[in-house]
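Beneath this line is the structure, given in structure tokens, with notes to follow.
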Amino acid sequence: MYFQHVYDKSLAQASYFIGCQAKGEAIVIDAKRDIDTYLEIAKQNNMKITHIAETHIHADFLAGSRELAAATGAKMYLSNEGGEGWQYEFEHVGLKHGDVITVGNLILEILHTPGHTPESISFLLTDKPATDKPVMVFTGDFVFVGDIGRPDLLEKAAGFIGTQEKGARQMYESIQRFTELPEYVQVWPGHGAGSACGKALGAVPSSTVGYELIRNWAFQYADNEAGFIDYLLDGQPEPPKYFAMMKHLNKVDRPLLVEVPKHSKLSKEAFLQAYQDGIKIIDTRNKVDFAEAHLPGAINIQGNNSFATWCGWFLNYEEQFILIADESQMDDLTRKLMRIGLDNVYGFIDDVTALGIPTESSEIIDIQAFKESVDNPDVQIVDVRGENEFKSGHVKGADNVFVGTLEKNLAKINTNKEIVIHCQSGDRATIAQSIFARNGIKVKNYSGGMKEWSETVK
């Protein structure tokens with residue numbers, strides 16, 4: 001058996017290339033959309049991708065299964081579980097609990113594991129003829145290392161009212177069945193630490209059934225379904241706004257993108273015309289460089305591992321946008337964007353000082369200036385972290401307005417006062433400061449955030 005774990009750090013998302021070397025056949029599970037990764041693995045190992053599978057209809061990324069099928073001719077094997085309304089709406093081989101996929105000498109048994117979503121399935125792998133015992137299980141968003149998939153996304157992100165309680169009960173039943181698997185079976189989940197698909201995912205890439213039974217909180221609620229449900233639903237992070245669109249696009253037929261696009265560097269004239277027309281500008285530079293000089297109205301979303309997630313909060317799927325980035329970054333940024341279906345890049349520029357547009361700067365304050373703002377009745381302190389972070393500890397007198405929903409909550413900002421914002425360590429506050437400025441509100445940014453505050457103020 002050939003096995004490769006393919007991990008996208010930007011979305012904390014795992015996919016898997018598993019091949020039978022004897023037969024030269026391979027299956028890819030939960031493919032990302034920039035499929036050249038899998039084509040190169042197949043080429044280097046003299047294998048043909050013959051099967052493509054998904055664990056469920058994903059909400060956090062745009063699956064590349066259909067792109068990979070178009071490029072290889074492989075069949076797609078997708079869940080037909082979940083009942084009416086939870087079926088893929090394009091051609092595929094349907095899978096039910098107990099079905100078996102054969103890839104060369106590899107056997108993958110289908111396990112229906114609802115909870116995160118009604119149609120969720122896992123793949124239990126046996127490597128024949130080496131053994132007739134299962135050796136791996138690919139759990140998708142069912143069981144993670146140290147956590148399990150959240151059942152509230154359908155309701156909170158996609159608007160399916162009343163599904164989170166039902167999903168939590170289904171999850172409880174599913175994990176009871178999971179305990180029946182041999183303890184030596186390796187667990188390979190769909191996500192790692194940093195994913196919004198759970199609240200306490202571990203950083204190591206894999207586990208075993210036995211380790212999860214003793215380590216994972218979800219298996220400590222034997223005969224206590226109510227306690228399990230309460231803990232599972234409490235404290236889940238805000239689901240990114242783009243999740244609803246991913247759920248839709250992964251279910252229906254859609255245009256395919258089988259190659260990573262090459263975006264054009266815009267001329268000064270082309271940029272100025274687009275800028276004048278009001279196109280949205282995403283400045284991907286470092287927050288320090290952005291603070292020193294940026295274009296009026298630009299949104300600072302740094303091109304790091306969180307880039308795509310924050311773009312998903314502030315861009316929609318109809319509008320075009322321009323990136324400010326070095327040309328050397330464009331392939332990486334384009335891949336991150338296409339993984340959540342944000343394909344409407346109008347072009348990019350790499351120098352904000354060569355356009356003839358007067359730049360602006362952002363006001364950054366240090367901890368001493370922030371201390372002077374605390375308890376000042378003429379200052380509103382706005383904490384732009386998530387609600388659960390805020391509840392776990394915050395600066396006295398601060399108001400909580402999550403950066404992702406800031407534009408919908410500007411009425412909570414008292415523009416008659418001086419406004420000072422912060423987050424945990426500065427990145428989200430930089431986004432927030434640019435959103436405020438775009439809406440005509442000047443704020444001061446305490447960039448040290450709660451991290452520095454907690455370490456300094458006792």
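Lettering and numbering for the structure tokens are positional, with chains as A, B, ... in the shown order, residues counted from 1 in each chain, and ligands counted from 1 in the shown order.
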Nearby residues (only C-alpha atoms) at most 10 Å from Lys336 (chain A), same-chain spacing under 3 positions excluded, as a ChimeraX atom specification | /A:8-11,33-34,61,303-309,311,330-333,339-342
Each residue of region 276-297 of chain A with at least one atom at most 12 Å from region 343-355 of chain A should appear once, together with its nearest atom pair and the corresponding distance in Å (one decimal); atoms considered: only C-alpha atoms; ordering: chain, then increasing residue number; output as JSON lines.
```
{"residue": "A:Ile279", "atom": "CA", "partner": "A:Tyr346", "partner_atom": "CA", "distance": 9.0}
{"residue": "A:Lys280", "atom": "CA", "partner": "A:Tyr346", "partner_atom": "CA", "distance": 9.9}
{"residue": "A:Ile281", "atom": "CA", "partner": "A:Phe348", "partner_atom": "CA", "distance": 9.3}
{"residue": "A:Ile282", "atom": "CA", "partner": "A:Phe348", "partner_atom": "CA", "distance": 9.4}
{"residue": "A:Asp283", "atom": "CA", "partner": "A:Val352", "partner_atom": "CA", "distance": 9.4}
{"residue": "A:Thr284", "atom": "CA", "partner": "A:Asp350", "partner_atom": "CA", "distance": 9.8}
{"residue": "A:Arg285", "atom": "CA", "partner": "A:Asp350", "partner_atom": "CA", "distance": 9.4}
{"residue": "A:Asp289", "atom": "CA", "partner": "A:Val352", "partner_atom": "CA", "distance": 10.8}
{"residue": "A:Phe290", "atom": "CA", "partner": "A:Val352", "partner_atom": "CA", "distance": 9.8}
{"residue": "A:Glu292", "atom": "CA", "partner": "A:Val352", "partner_atom": "CA", "distance": 11.4}
{"residue": "A:Ala293", "atom": "CA", "partner": "A:Val352", "partner_atom": "CA", "distance": 8.0}
{"residue": "A:His294", "atom": "CA", "partner": "A:Val352", "partner_atom": "CA", "distance": 6.7}
{"residue": "A:Leu295", "atom": "CA", "partner": "A:Val352", "partner_atom": "CA", "distance": 6.7}
{"residue": "A:Pro296", "atom": "CA", "partner": "A:Val352", "partner_atom": "CA", "distance": 10.4}
```
File dump, residues just selected, C-alpha atoms, as a short mmCIF file (atom, residue, chain, number, x, y, z; two decimals), in the first residue's frame:
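This is the output file selection.cif:
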```cif
data_model
loop_
_atom_site.label_atom_id
_atom_site.label_comp_id
_atom_site.auth_asym_id
_atom_site.auth_seq_id
_atom_site.Cartn_x
_atom_site.Cartn_y
_atom_site.Cartn_z
CA ILE A 279 -13.74 47.54 -6.86
CA LYS A 280 -12.74 46.03 -3.52
CA ILE A 281 -9.00 46.06 -2.74
CA ILE A 282 -7.47 43.33 -0.58
CA ASP A 283 -4.00 44.35 0.61
CA THR A 284 -2.12 41.16 1.53
CA ARG A 285 1.01 42.85 2.87
CA ASP A 289 3.76 47.80 6.16
CA PHE A 290 0.03 48.32 5.72
CA GLU A 292 2.63 52.76 7.48
CA ALA A 293 1.07 53.39 4.05
CA HIS A 294 -1.99 51.98 2.30
CA LEU A 295 -4.60 52.95 -0.25
CA PRO A 296 -7.79 54.53 1.12
#
```
Got a sec: who's within 10 Å of Asn45 (chain A), counting only C-alpha atoms, leaving out chain neighbours fewer than 4 positions off, as a short mmCIF file (atom, residue, chain, number, x, y, z; two decimals) with C-alpha atoms, in the first residue's frame?
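After the write, part_22.cif holds the following:
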```cif
data_model
loop_
_atom_site.label_atom_id
_atom_site.label_comp_id
_atom_site.auth_asym_id
_atom_site.auth_seq_id
_atom_site.Cartn_x
_atom_site.Cartn_y
_atom_site.Cartn_z
CA TYR A 2 1.13 3.53 -0.82
CA GLY A 19 -2.71 3.45 -3.65
CA GLN A 21 1.30 -0.52 -5.68
CA GLY A 24 -1.09 0.67 -9.81
CA GLU A 40 1.99 14.78 -9.41
CA ILE A 41 1.85 12.14 -6.65
#
```
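Between Leu257 (chain A) and the residues A:Ala203, A:Ile52, A:Leu406, A:Met338, the shortest atom-to-atom distance, using only C-alpha atoms, involves A:Met338.
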Can you tell me, as a ChimeraX atom specification, what residues are no more than 6 Å from region 233-250 of chain A when counting only C-alpha atoms, ignoring any on the same chain fewer than 6 positions away?
-> /A:57-60,62,157-158,199,312-313
Within 7 Å of Ile49 (chain A), counting only C-alpha atoms, which residues qualify if same-chain residues fewer than 2 places away don't, as a ChimeraX atom specification?
-> /A:25-27,42,47,51,72,74
Once you have the residues from the selection above, write them out as a compact mmCIF listing (two decimals), in the first residue's frame, restricted to N, CA, C and O atoms.
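Final output, selection_25.txt:
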```txt
# COMPACT_ATOMS: atom_id res chain seq x y z
N GLU A 25 -3.27 1.22 -8.86
CA GLU A 25 -4.51 1.99 -8.74
C GLU A 25 -4.51 2.80 -7.44
O GLU A 25 -3.88 2.41 -6.46
N ALA A 26 -5.24 3.93 -7.46
CA ALA A 26 -5.24 4.79 -6.28
C ALA A 26 -6.59 5.45 -6.09
O ALA A 26 -7.37 5.64 -7.04
N ILE A 27 -6.87 5.81 -4.83
CA ILE A 27 -8.06 6.57 -4.47
C ILE A 27 -7.62 7.85 -3.76
O ILE A 27 -6.63 7.85 -3.02
N ALA A 42 0.57 10.85 -8.25
CA ALA A 42 0.29 9.68 -9.09
C ALA A 42 1.40 9.47 -10.11
O ALA A 42 1.86 8.34 -10.33
N MET A 47 1.17 5.54 -10.69
CA MET A 47 -0.17 5.07 -10.35
C MET A 47 -1.22 5.83 -11.13
O MET A 47 -0.98 6.95 -11.58
N HIS A 51 -10.29 6.06 -8.34
CA HIS A 51 -11.41 6.29 -7.44
C HIS A 51 -11.23 7.64 -6.74
O HIS A 51 -10.12 8.00 -6.34
N THR A 72 -8.86 12.98 -14.67
CA THR A 72 -8.36 11.60 -14.65
C THR A 72 -9.32 10.57 -15.25
O THR A 72 -8.90 9.47 -15.59
N ALA A 74 -11.53 9.21 -13.42
CA ALA A 74 -11.89 8.35 -12.29
C ALA A 74 -13.35 8.57 -11.89
O ALA A 74 -13.92 9.64 -12.10
```
Strand (DSSP E) call set, DSSP backbone run, region 309-416 of chain A, as number ranges by chain = A: 321-324, 345-349, 363-365, 379-383, 399-400
Hey, which of A:Trp310, A:Val93, A:Gly104, A:Pro205 ends up closest to Ser15 (chain A)? Count only C-alpha atoms.
->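 Distance minimum relative to Ser15 (chain A) lands on A:Pro205.
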Taking only C-alpha atoms into account, which of A:Gly167, A:Pro134, A:Pro255, A:Gly64 comes nearest Thr117 (chain A)?
->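 Closest residue, counting only C-alpha atoms: A:Gly167.
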Contacts of Gly440 (chain A) at 12 Å (only C-alpha atoms; same-chain gap of 6+ positions) as a list in words | Pro296, Gly297, Glu407, Leu410, Thr415, Gln433 and Ser434 of chain A
Give me a file of those residues, with all heavy atoms, as a PDB file, in the first residue's frame.
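Generated output (result.pdb):
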```
ATOM      1  N   PRO A 296      -6.499  54.313   0.446  1.00  0.00           N
ATOM      2  CA  PRO A 296      -7.789  54.528   1.117  1.00  0.00           C
ATOM      3  C   PRO A 296      -8.811  53.478   0.684  1.00  0.00           C
ATOM      4  O   PRO A 296      -8.965  53.186  -0.504  1.00  0.00           O
ATOM      5  CB  PRO A 296      -8.198  55.926   0.634  1.00  0.00           C
ATOM      6  CG  PRO A 296      -6.911  56.597   0.290  1.00  0.00           C
ATOM      7  CD  PRO A 296      -6.030  55.515  -0.255  1.00  0.00           C
ATOM      8  N   GLY A 297      -9.478  52.885   1.665  1.00  0.00           N
ATOM      9  CA  GLY A 297     -10.514  51.899   1.381  1.00  0.00           C
ATOM     10  C   GLY A 297     -10.036  50.470   1.276  1.00  0.00           C
ATOM     11  O   GLY A 297     -10.846  49.539   1.201  1.00  0.00           O
ATOM     12  N   GLU A 407     -19.055  44.849  10.051  1.00  0.00           N
ATOM     13  CA  GLU A 407     -19.806  45.750   9.172  1.00  0.00           C
ATOM     14  C   GLU A 407     -21.306  45.711   9.452  1.00  0.00           C
ATOM     15  O   GLU A 407     -22.015  46.681   9.193  1.00  0.00           O
ATOM     16  CB  GLU A 407     -19.520  45.420   7.705  1.00  0.00           C
ATOM     17  CG  GLU A 407     -18.114  45.809   7.266  1.00  0.00           C
ATOM     18  CD  GLU A 407     -17.862  45.567   5.801  1.00  0.00           C
ATOM     19  OE1 GLU A 407     -17.907  44.389   5.392  1.00  0.00           O
ATOM     20  OE2 GLU A 407     -17.617  46.527   5.066  1.00  0.00           O
ATOM     21  N   LEU A 410     -21.906  48.061  13.056  1.00  0.00           N
ATOM     22  CA  LEU A 410     -21.313  49.388  13.243  1.00  0.00           C
ATOM     23  C   LEU A 410     -22.164  50.276  14.151  1.00  0.00           C
ATOM     24  O   LEU A 410     -21.652  51.236  14.732  1.00  0.00           O
ATOM     25  CB  LEU A 410     -21.105  50.057  11.881  1.00  0.00           C
ATOM     26  CG  LEU A 410     -20.030  49.419  10.990  1.00  0.00           C
ATOM     27  CD1 LEU A 410     -19.988  50.108   9.627  1.00  0.00           C
ATOM     28  CD2 LEU A 410     -18.661  49.468  11.654  1.00  0.00           C
ATOM     29  N   THR A 415     -19.412  56.709  17.832  1.00  0.00           N
ATOM     30  CA  THR A 415     -18.482  57.585  17.126  1.00  0.00           C
ATOM     31  C   THR A 415     -18.324  58.946  17.814  1.00  0.00           C
ATOM     32  O   THR A 415     -17.539  59.784  17.359  1.00  0.00           O
ATOM     33  CB  THR A 415     -18.936  57.791  15.665  1.00  0.00           C
ATOM     34  OG1 THR A 415     -20.295  58.240  15.649  1.00  0.00           O
ATOM     35  CG2 THR A 415     -18.826  56.488  14.887  1.00  0.00           C
ATOM     36  N   GLN A 433      -9.391  47.469  11.789  1.00  0.00           N
ATOM     37  CA  GLN A 433      -9.061  48.874  11.599  1.00  0.00           C
ATOM     38  C   GLN A 433      -9.278  49.296  10.144  1.00  0.00           C
ATOM     39  O   GLN A 433      -9.783  50.391   9.875  1.00  0.00           O
ATOM     40  CB  GLN A 433      -7.616  49.134  12.019  1.00  0.00           C
ATOM     41  CG  GLN A 433      -7.258  50.621  12.080  1.00  0.00           C
ATOM     42  CD  GLN A 433      -5.914  50.849  12.736  1.00  0.00           C
ATOM     43  OE1 GLN A 433      -5.003  50.020  12.645  1.00  0.00           O
ATOM     44  NE2 GLN A 433      -5.759  51.980  13.413  1.00  0.00           N
ATOM     45  N   SER A 434      -8.931  48.415   9.206  1.00  0.00           N
ATOM     46  CA  SER A 434      -9.143  48.749   7.793  1.00  0.00           C
ATOM     47  C   SER A 434     -10.623  48.742   7.426  1.00  0.00           C
ATOM     48  O   SER A 434     -11.068  49.537   6.592  1.00  0.00           O
ATOM     49  CB  SER A 434      -8.348  47.787   6.889  1.00  0.00           C
ATOM     50  OG  SER A 434      -8.789  46.453   6.996  1.00  0.00           O
TER      51      SER A 434
END
```
Closest to Leu68 (chain A) among A:Ala270, A:Ile367, A:Ile35, A:Ile175, using only C-alpha atoms?
->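 Under the stated criterion, the closest residue is A:Ile35.
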Near-Ala14 (chain A) list (7 Å; only C-alpha atoms; drop same-chain fewer than 2 positions) as a PyMOL selection string | chain A and resi 5-8+12+16+190-191
Looking at only C-alpha atoms, which of A:Ala193, A:Leu272, A:Val252, A:Ala432 is the one that sits closest to Arg385 (chain A)?
->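 Looking at the shortest contact to Arg385 (chain A), the residue is A:Ala432.
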Could you check which of A:Ala196, A:Gly278, A:Tyr184, A:Ala429 is closest to Ile301 (chain A), using only C-alpha atoms?
->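 Of A:Ala196, A:Gly278, A:Tyr184, A:Ala429, the one nearest Ile301 (chain A), counting only C-alpha atoms, is A:Ala429.
We find CA of Leu232 (chain A) and CA of Lys251 (chain A) to be spaced 26.0 Å apart.
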